[in-house]
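Scroll down for the structure; my scribbles are underneath it.
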Amino acid sequence: MITCDYLIVGGGFAGLVMAERLSSELGASCLVIEQREHIGGNCHDEYDDHGVLVHKYGPHYFRTNSPRIREYLSRFTEWLSCDYKILSHSEGRFWKFPINLNTYEQIIGRDSTEAEFAAYLERVRVPIAKPANSEEVIVSQVGWELYRKFFEGYTLKQWKRHPRELDASVCGRIPIRTNRDDRYLVDEFQALPKAGYHRMFQNMLQASPGVKVLLKTDFREVLPHIKHRHLIYTGPVDLFYHHRFGHLPYRSLRFERESFTPEQLRAAGRPAISGREGFWQPAMQVNYPNDHGFTRIVEVKHATRQQTENTTIVREFPDDYQDGKVPYYPVPASDAKAIYEKYRALAEQESRVSFVGRLATYRYYNMDQVVGMALTEYEKLKTRTETGHLHRLAPKTLKIQAA
Ligand code: FAD
Ligand code: UDP
């Protein structure tokens with residue numbers, strides 16, 4: 001039997017922030033159970049066989065408007081400031097994206113002004129006071145032509161659902177601007193951990209003496225053998241409840257990596273992209289809304305600014321979710337929400353379990369939002385400890401004892 005104060009299921013952002021806070025500040029013992037062979041969840045990065053730092057589970061562009069979240073993470077990493085720039089590719093050419101004045105100039109084939117572009121949008125936009133879905137949120141800003149060019153096909157490919165069947169928040173994530181600001185994200189602070197995500201997560205654990213991590217372990221196998229005061233659960237909420245209200249829908253992904261040496265780049269006819277050597281494509285990310293089975297090709301070296309002449313690209317193919325695959329995305333749609341509400345009602349009644357993170361609360365959350373959620377949950381648990389509602393169970397340092 002193992003004893004600990006907090007049993008934490010999942011070693012992603014949510015689980016590790018909770019573990020660090022509970023251990024460093026409250027002196028609690030925490031056992032993190034992670035089914036993968038590494039910590040960091042979907043934010044994990046690693047050096048591939050060509051020495052290129054890649055984001056294993058799709059591109060992870062850190063951003064936040066919250067000084068509290070930035071300051072918290074800055075204890076464990078320095079930052080590499082980035083203006084994340086991407087392009088869209090269709091009809092055989094690259095388009096500036098997200099839609100901005102430069103995109104409009106490409107479309108009309110001449111120089112323009114912010115006023116002219118704004119007047120164009122005013123003419124073509126469909127007046128909808130309160131956009132109720134992802135189609136409406138885009139056509140109400142840019143009209144049908146730009147919607148079809150950039151959004152409809154991509155969304156169908158990514159979600160296997162029409163934009164009309166998805167919450168407005170899905171396509172509403174993408175900014176649309178009449179000026180020349182072509183950054184993909186809107187947040188004030190946009191930066192990557194300077195030495196990578198994995199190093200940042202390692203630093204978090206190093207600062208947390210009371211935390212032990214068990215990798216390659218499914219929590220269901222070990223739960224009966226662990227005596228704990230409180231459970232922090234960051235896995236899929238429907239799995240926790242044995243799918244008693246049915247399976248929640250998720251979208252999965254498949255990643256295809258391809259690496260290039262300088263010789264291979266030359267052979268592929270890409271000796272220099274925009275005057276720079278060692279890159280395969282002209283931007284960190286190129287979206288393919290209308291062609292191919294993949295949605296985007298990511299060459300994250302543009303953002304990490306790693307000094308290496310090799311490069312690696314990752315093609316990202318949306319995939320149906322089923323057991324054995326990773327549930328990368330909760331599906332932001334009303335039918336899914338209706339199922340989730342039933343699970344949420346159960347979760348809210350638990351006094352010895354906290355549900356934290358993207359899968360446990362079934363929310364299409366970015367990293368900073370998950371960090372914020374974990375910090376808030378930690379404050380709640382701290383108050384419960386201070387008021388005597390949650391007692392320490394184990395000695396300060398977790399002892400893993402044989403049963
Ligand atoms: P996760 O990272 O999913 O961690 C949960 C952990 O629980 C996983 O490691 C999992 O293996 C483990 N687990 C699940 N079930 C079990 C079990 N039965 N037993 C043991 N362990 C289990 N956010 C951004 O801010 N910027 C981006 O650019 C960005 N890009 C993204 C791109 C993609 C393709 C995806 C999928 C997400 C992206 N995100 C991005 C979101 C970001 O990945 C999440 O916000 C963050 O990873 C959520 O952390 P989490 O701890 O809640 O979940
Ligand atoms: N989207 C689109 N065209 C694009 C980029 C995004 O239609 O070129 C839509 C699509 O539905 C996507 C959503 O906007 O799922 C959010 O895009 P984002 O790049 O933020 O997705 P993520 O990185 O979370 O997969």
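Identifiers for the structure tokens are assigned positionally: chains receive A, B, ... in sequence, residues are indexed from 1 per chain, and ligands are indexed from 1 in the order shown.
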
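With only C-alpha atoms taken into account, the protein and nucleic acid residues at most 10 Å from Ala115 in chain A (excluding it and anything under 4 positions from it in its own chain) are A:Leu101, A:Ala119, A:Tyr120, A:Leu121, A:Thr178, A:Asn179.
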
Practice item. Kindly provide, as a ChimeraX atom specification, all nucleotide and amino acid residues lying within 8 Å of ligand 2, counting only C-alpha atoms and all ligand atoms. Key: /A:58-60,88,97-98,134,150-156,158-159,163,170-174,287-289,364,366

Point to revise | Given 7 Å and only C-alpha atoms and all ligand atoms, residues near ligand 1 as a ChimeraX atom specification | key: /A:9-15,33-36,39-43,57-63,217-220,234-236,328-329,356-359,365-370

Review point. Can you list every residue in range 138-202 of chain A that DSSP puts in helix (DSSP H, G or I), as number ranges by chain?
Key: A: 138-159, 163-165, 168-171, 197-202

8 Å contact set for Leu390 in chain A, only C-alpha atoms, chain neighbours under 6 positions out, as a PDB file with N, CA, C and O atoms, in the first residue's frame:
```
ATOM      1  N   ARG A 229      -5.569  11.185   0.707  1.00  0.00           N
ATOM      2  CA  ARG A 229      -6.561  12.045   1.331  1.00  0.00           C
ATOM      3  C   ARG A 229      -7.502  12.651   0.284  1.00  0.00           C
ATOM      4  O   ARG A 229      -8.684  12.820   0.491  1.00  0.00           O
ATOM      5  N   LEU A 381      -8.001  24.285  -2.154  1.00  0.00           N
ATOM      6  CA  LEU A 381      -7.521  23.182  -1.307  1.00  0.00           C
ATOM      7  C   LEU A 381      -6.699  23.723  -0.140  1.00  0.00           C
ATOM      8  O   LEU A 381      -6.763  23.190   0.971  1.00  0.00           O
ATOM      9  N   ARG A 384      -9.049  24.861   2.461  1.00  0.00           N
ATOM     10  CA  ARG A 384      -9.643  23.714   3.167  1.00  0.00           C
ATOM     11  C   ARG A 384      -8.653  23.116   4.155  1.00  0.00           C
ATOM     12  O   ARG A 384      -9.031  22.638   5.221  1.00  0.00           O
TER      13      ARG A 384
END
```

Exercise for review: Tell me, as a count of residues only, which residues lie within 9 Å of Glu316 in chain A, counting only C-alpha atoms; anything in the same chain fewer than 5 positions away does not count.
Suggested key: 12

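Checking A:Ser208, A:Thr113, A:Ser169, A:Thr308 one by one against Val32 in chain A, counting only C-alpha atoms, you find the shortest gap at A:Ser208.
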
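Going from CA of Leu80 in chain A to CA of Thr304 in chain A covers 7.6 Å.
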
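Summary of the local environment: counting only C-alpha atoms, residues at most 12 Å from Glu78 in chain A, other than itself and those fewer than 4 positions away along its chain, are Arg70, Glu71, Tyr72, Leu73, Ser74, Ala191, Leu192, Pro193, Lys194, Ala195, Gly196, Tyr197, Arg199, Met200 and Asn203 of chain A.
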
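Counting only C-alpha atoms, Pro327 in chain A has the following residues at most 9 Å away, ignoring those fewer than 4 positions along the same chain: A:Pro236, A:Pro249, A:Tyr250, A:Arg251, A:Ser252, A:Leu253, A:Tyr321, A:Gln322, A:Asp323, A:Leu359.
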
Selected residues written out with N, CA, C and O atoms, as a JSON list (two decimals), in the first residue's frame:
```json
[["chain", "number", "residue", "atom", "x", "y", "z"],
["A", 236, "PRO", "N", -9.84, 12.16, -18.77],
["A", 236, "PRO", "CA", -11.19, 12.38, -19.31],
["A", 236, "PRO", "C", -12.26, 12.08, -18.26],
["A", 236, "PRO", "O", -12.25, 11.02, -17.62],
["A", 249, "PRO", "N", -17.80, 12.94, -26.95],
["A", 249, "PRO", "CA", -17.04, 12.94, -28.21],
["A", 249, "PRO", "C", -15.71, 13.70, -28.07],
["A", 249, "PRO", "O", -15.64, 14.71, -27.36],
["A", 250, "TYR", "N", -14.69, 13.19, -28.72],
["A", 250, "TYR", "CA", -13.39, 13.87, -28.79],
["A", 250, "TYR", "C", -12.91, 13.79, -30.23],
["A", 250, "TYR", "O", -13.33, 12.93, -30.99],
["A", 251, "ARG", "N", -11.98, 14.68, -30.59],
["A", 251, "ARG", "CA", -11.27, 14.53, -31.85],
["A", 251, "ARG", "C", -9.84, 14.12, -31.54],
["A", 251, "ARG", "O", -9.23, 14.61, -30.58],
["A", 252, "SER", "N", -9.34, 13.21, -32.34],
["A", 252, "SER", "CA", -7.96, 12.80, -32.17],
["A", 252, "SER", "C", -7.11, 13.32, -33.34],
["A", 252, "SER", "O", -7.64, 13.96, -34.27],
["A", 253, "LEU", "N", -5.84, 13.04, -33.31],
["A", 253, "LEU", "CA", -4.93, 13.52, -34.36],
["A", 253, "LEU", "C", -3.91, 12.42, -34.66],
["A", 253, "LEU", "O", -3.63, 11.57, -33.82],
["A", 321, "TYR", "N", -11.83, 9.68, -32.86],
["A", 321, "TYR", "CA", -11.36, 9.20, -31.57],
["A", 321, "TYR", "C", -12.01, 7.87, -31.24],
["A", 321, "TYR", "O", -13.21, 7.70, -31.41],
["A", 322, "GLN", "N", -11.22, 6.95, -30.77],
["A", 322, "GLN", "CA", -11.75, 5.69, -30.21],
["A", 322, "GLN", "C", -10.75, 5.21, -29.18],
["A", 322, "GLN", "O", -9.64, 5.76, -29.10],
["A", 323, "ASP", "N", -11.12, 4.21, -28.40],
["A", 323, "ASP", "CA", -10.23, 3.71, -27.34],
["A", 323, "ASP", "C", -8.85, 3.41, -27.91],
["A", 323, "ASP", "O", -8.72, 2.86, -29.00],
["A", 359, "LEU", "N", -9.34, 17.90, -20.07],
["A", 359, "LEU", "CA", -10.14, 16.68, -20.25],
["A", 359, "LEU", "C", -11.12, 16.47, -19.10],
["A", 359, "LEU", "O", -12.24, 16.01, -19.30]]
```

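The nearest approach to Arg21 in chain A among the residues A:Trp144, A:Tyr6, A:Tyr343, A:Phe117, with only C-alpha atoms taken into account, belongs to A:Tyr6.
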
Point to revise | Nearby residues (only C-alpha atoms) at most 6 Å from Met204 in chain A, same-chain spacing under 3 positions excluded, as a count of residues only | key: 3

If you take only C-alpha atoms and a cut-off of 7 Å, which residues of range 57-141 of chain A touch range 184-188 of chain A, and what are their nearest atom pairs and distances in Å to one decimal, in chain and number order, as JSON lines?
```
{"residue": "A:Arg63", "atom": "CA", "partner": "A:Asp187", "partner_atom": "CA", "distance": 6.0}
{"residue": "A:Thr64", "atom": "CA", "partner": "A:Asp187", "partner_atom": "CA", "distance": 5.5}
{"residue": "A:Asn65", "atom": "CA", "partner": "A:Glu188", "partner_atom": "CA", "distance": 5.3}
{"residue": "A:Tyr84", "atom": "CA", "partner": "A:Tyr184", "partner_atom": "CA", "distance": 5.8}
{"residue": "A:Lys85", "atom": "CA", "partner": "A:Tyr184", "partner_atom": "CA", "distance": 5.8}
{"residue": "A:Ile86", "atom": "CA", "partner": "A:Tyr184", "partner_atom": "CA", "distance": 6.6}
{"residue": "A:Pro98", "atom": "CA", "partner": "A:Tyr184", "partner_atom": "CA", "distance": 6.1}
```

Check your understanding: In Å to one decimal, how far is CA of Glu145 in chain A from CA of Glu122 in chain A?
Key -> 13.4 Å

Practice item. Report as a PyMOL selection string: the residues of range 54-193 of chain A with a DSSP assignment of strand (DSSP E), based on the backbone of this structure. Key: chain A and resi 54-55+63-64+79-81+86-90+93-97+189-193

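The two atoms in question, CA of Asp83 in chain A and CA of Asp182 in chain A, are spaced 9.0 Å apart.
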